[in-house]
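Enquirer: Okay, here's the structure, questions in a sec.
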Amino acid sequence: MSTFYLTTPIYYVNARPHLGHACTTIMADAMCRYRRLRGDRVFFLTGTDEHGERIAQVASAAGKSPQAYADEIAAAYRETWRRLGITNDDFIRTTEPRHKKVVQEVLQRLYDAGEIYFGEYGGWYCFGCERFYTEKEIVDGKCPDHQTALTFIKEKNYFFKMSKYQAWLIKHLEDNPGFIQPDRYRNEVLGFLREPLQDLSISRPTSRLEWGIPLPFDDKYVTYVWFDALLNYYSAVASGGEKTSGLWEHVEHIIGKDILKPHGVYWPTMLKAAGIPLYRHLHVHGYWSLGGSKMSKSVGNVVEAFQLTDKYGHDAFRYFLLREMNFGLDASFSEEAFVDRLNADLANDLGNLASRASTLIAATGPVAQVTAPVEAADREIAIAAAEARATLEQAMEEFAFQKALGGIWAFIGAVNRYVDTSAPWALARMRRSGRASSACSAPSPTRSASSASCWSRSSRTRPARSARRSGRPARSRSRPRWSAASDRCHA
């Protein structure tokens with residue numbers, strides 16, 4: 001039995017969860033469900049990032065204290081994941097005492113080791129990202145992510161000697177090509193490291209920001225958001241209790257590409273300096289775009305998760321997100337594409353197969369033992385099943401959910417063709433025929449929730465009389481169809 005510890009990013013509580021957050025969390029959930037089915041020991045962590053200037057500003061605008069505001073949004077995340085069936089083992093908040101304790105312990109360790117010093121820095125700052133940008137990163141004088149004007153800030157702060165670890169990190173990435181996946185993002189981090197790496201500001205003065213974890217060696221400063229937030233992955237399991245013992249050396253992260261630099265540069269150098277073992281892998285997925293722009297809370301072009309799940313069902317929503325995005329690349333979202341995928345894959349391919357198989361089994365009854373000789377068509381199905389499993393196992397090693405589902409749907413297509421060519425309804429009356437037994441006794445795949453939802457909303461078409469007489473499961477005269485313009489499934 002292998003041990004598998006997977007984390008999502010902890011989500012910033014400046015707004016409620018949207019489709020982008022749901023996508024990352026559903027990917028992590030799908031992977032953890034798969035690893036549990038394999039018999040592995042699995043620990044799945046998610047949570048919320050609750051400190052920083054932006055949270056203090058949003059809370060103030062809402063007329064609430066930062067803690068009260070964070071409590072409200074963290075509860076919204078918990079409820080969203082519960083409704084989506086997310087199977088996380090823990091939910092960590094950066095305002096929890098267990099997290100604060102570990103952050104201050106690590107900071108003190110680094111300070112005592114001479115890895116943190118006091119200095120002055122001036123630069124262009126984005127309050128949305130809560131970070132400084134270099135001249136090369138700035139686009140037309142604006143934040144490249146939020147497309148908002150930057151503010152020049154010069155102040156005294158504490159700095160982590162990140163530049164000290166540049167050569168080490170380059171060598172580690174070159175020696176461990178699977179450390180960051182897919183490879184395009186490892187190359188992107190190596191591209192960052194072609195330029196001199198600057199030391200990292202790890203604090204903010206309390207004269208400007210009070211909402212944060214105080215530095216253990218200077219209470220006039222609070223911890224900078226990334227140095228606080230990234231340590232959640234470690235603080236959640238650092239106690240070493242029975243549930244979390246031995247997990248850290250197996251940790252892997254899944255993130256969106258917008259936070260690649262903090263996770264691919266800041267985080268490994270922090271761990272190296274603190275003497276904490278590095279994470280095993282960083283898995284990076286692309287953006288969901290809407291109308292040609294990255295989906296973003298700050299930009300305002302977001303799709304709330306329950307806009308779709310309440311309308312089409314949770315399973316259909318999960319399937320679309322996993323099937324539509326090629327892991328590592330960007331994907332474009334539209335409700336029309338969602339409906340097309342639902343109708344083509346779930347209602348037609350899987351739904352039709354489940355309906356025909358269950359109808360045959362219900363009409364002919366179960367068969368205790370198959371006695372028919374294996375024919376060429378049967379061997380082809382066995383081969384297709386083995387190929388689907390091999391594709392699935394390889395794809396899941398790469399977090400390539402789209403490829404894994406493609407392998408499953410290739411098998412579904414093969415079985416549908418097998419049913420069409422073998423015509424088991426024509427043999428259903430020959431109960432003593434092994435061929436009929438072989439065709440009619442296969443276990444039925446479970447009907448997907450999306451298909452069940454679709455069928456339950458429509459009037460089912462009764463099989464044609466001639467088909468009923470022969471035992472043949474007729475296809476509906478008009479197949480059920482979802483429409484993006486309506487919450488009804490049309491027969």
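Following the order of the structure tokens, first chain is A, next is B, and so on, with residues numbered from 1 inside each chain and ligands from 1 in the order they appear.
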Could you pull out the helix (DSSP H, G or I) residues of region 41-114 of chain A, going by DSSP on the backbone, and write them as a PyMOL selection string?
Expert: chain A and resi 53-61+66-83+97-112
Enquirer: Find the spatial neighbours of region 259-262 of chain A, counting only C-alpha atoms, within a cut-off of 8 Å - ignore same-chain residues fewer than 2 positions away - and output them as a compact mmCIF listing (two decimals) with C-alpha atoms, in the first residue's frame.
Expert:
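Resulting contents of part.txt:
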# COMPACT_ATOMS: atom_id res chain seq x y z
CA TYR A 185 5.98 24.58 -16.28
CA VAL A 189 10.44 28.09 -13.65
CA TRP A 226 2.97 33.86 0.96
CA ILE A 255 -2.30 24.26 -8.40
CA GLY A 256 -3.32 26.63 -11.19
CA LYS A 257 -0.53 28.16 -13.26
CA GLY A 264 7.90 26.54 -7.84
CA VAL A 265 10.44 29.06 -6.49
CA TYR A 266 9.52 30.50 -3.07
CA TRP A 267 8.26 27.25 -1.55
CA VAL A 284 0.10 22.57 -12.61
Enquirer: Produce a table with one row for each residue of region 160-265 of chain A that has an atom at most 9 Å from any atom of region 51-71 of chain A, each row naming the nearest atom pair and its distance in Å at one decimal; use only C-alpha atoms; arrange rows by chain and rising residue number; format as a Markdown table.
Expert:
| residue | atom | partner | partner_atom | distance |
| --- | --- | --- | --- | --- |
| A:Arg208 | CA | A:Glu53 | CA | 8.6 |
| A:Leu209 | CA | A:Glu53 | CA | 6.4 |
| A:Glu210 | CA | A:Gly52 | CA | 8.5 |
| A:Trp211 | CA | A:His51 | CA | 5.9 |
| A:Gly212 | CA | A:His51 | CA | 5.2 |
| A:Ile213 | CA | A:His51 | CA | 7.9 |
| A:Thr223 | CA | A:Gly52 | CA | 8.8 |
| A:Tyr224 | CA | A:Gly52 | CA | 7.4 |
| A:Val225 | CA | A:Gly52 | CA | 5.8 |
| A:Asp228 | CA | A:His51 | CA | 8.2 |
| A:Ala229 | CA | A:His51 | CA | 8.3 |
Enquirer: Quick check, in Å to one decimal: how far apart do CA of Asn157 (chain A) and CA of Gly47 (chain A) lie?
Expert: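 So the answer is 27.9 Å.
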Enquirer: Contacts of region 34-43 of chain A at 6 Å or less, counting only C-alpha atoms, minus same-chain residues fewer than 2 places along, as JSON, numbers by chain?
Expert: {"A": [1, 2, 3, 4, 5, 31, 32, 89]}
Enquirer: Report, in Å to a single decimal, how far apart CA of Ala390 (chain A) and CA of Pro424 (chain A) are.
Expert: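 According to the coordinates, CA of Pro424 (chain A) and CA of Ala390 (chain A) are separated by 28.3 Å.
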Enquirer: From the set A:Arg33, A:Lys156, A:Arg389, A:His281, which residue has the shortest atom-to-atom contact distance to Phe118 (chain A), counting only C-alpha atoms?
Expert: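 The shortest atom-to-atom distance to Phe118 (chain A) comes from A:Lys156.
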Enquirer: Identify, on the basis of only C-alpha atoms, every residue whose closest approach to Val237 (chain A) does not exceed 9 Å; exclude the query and any residue fewer than 4 positions from it along the same chain; express the result as a PyMOL selection string.
Expert: chain A and resi 232-233+241+243-248
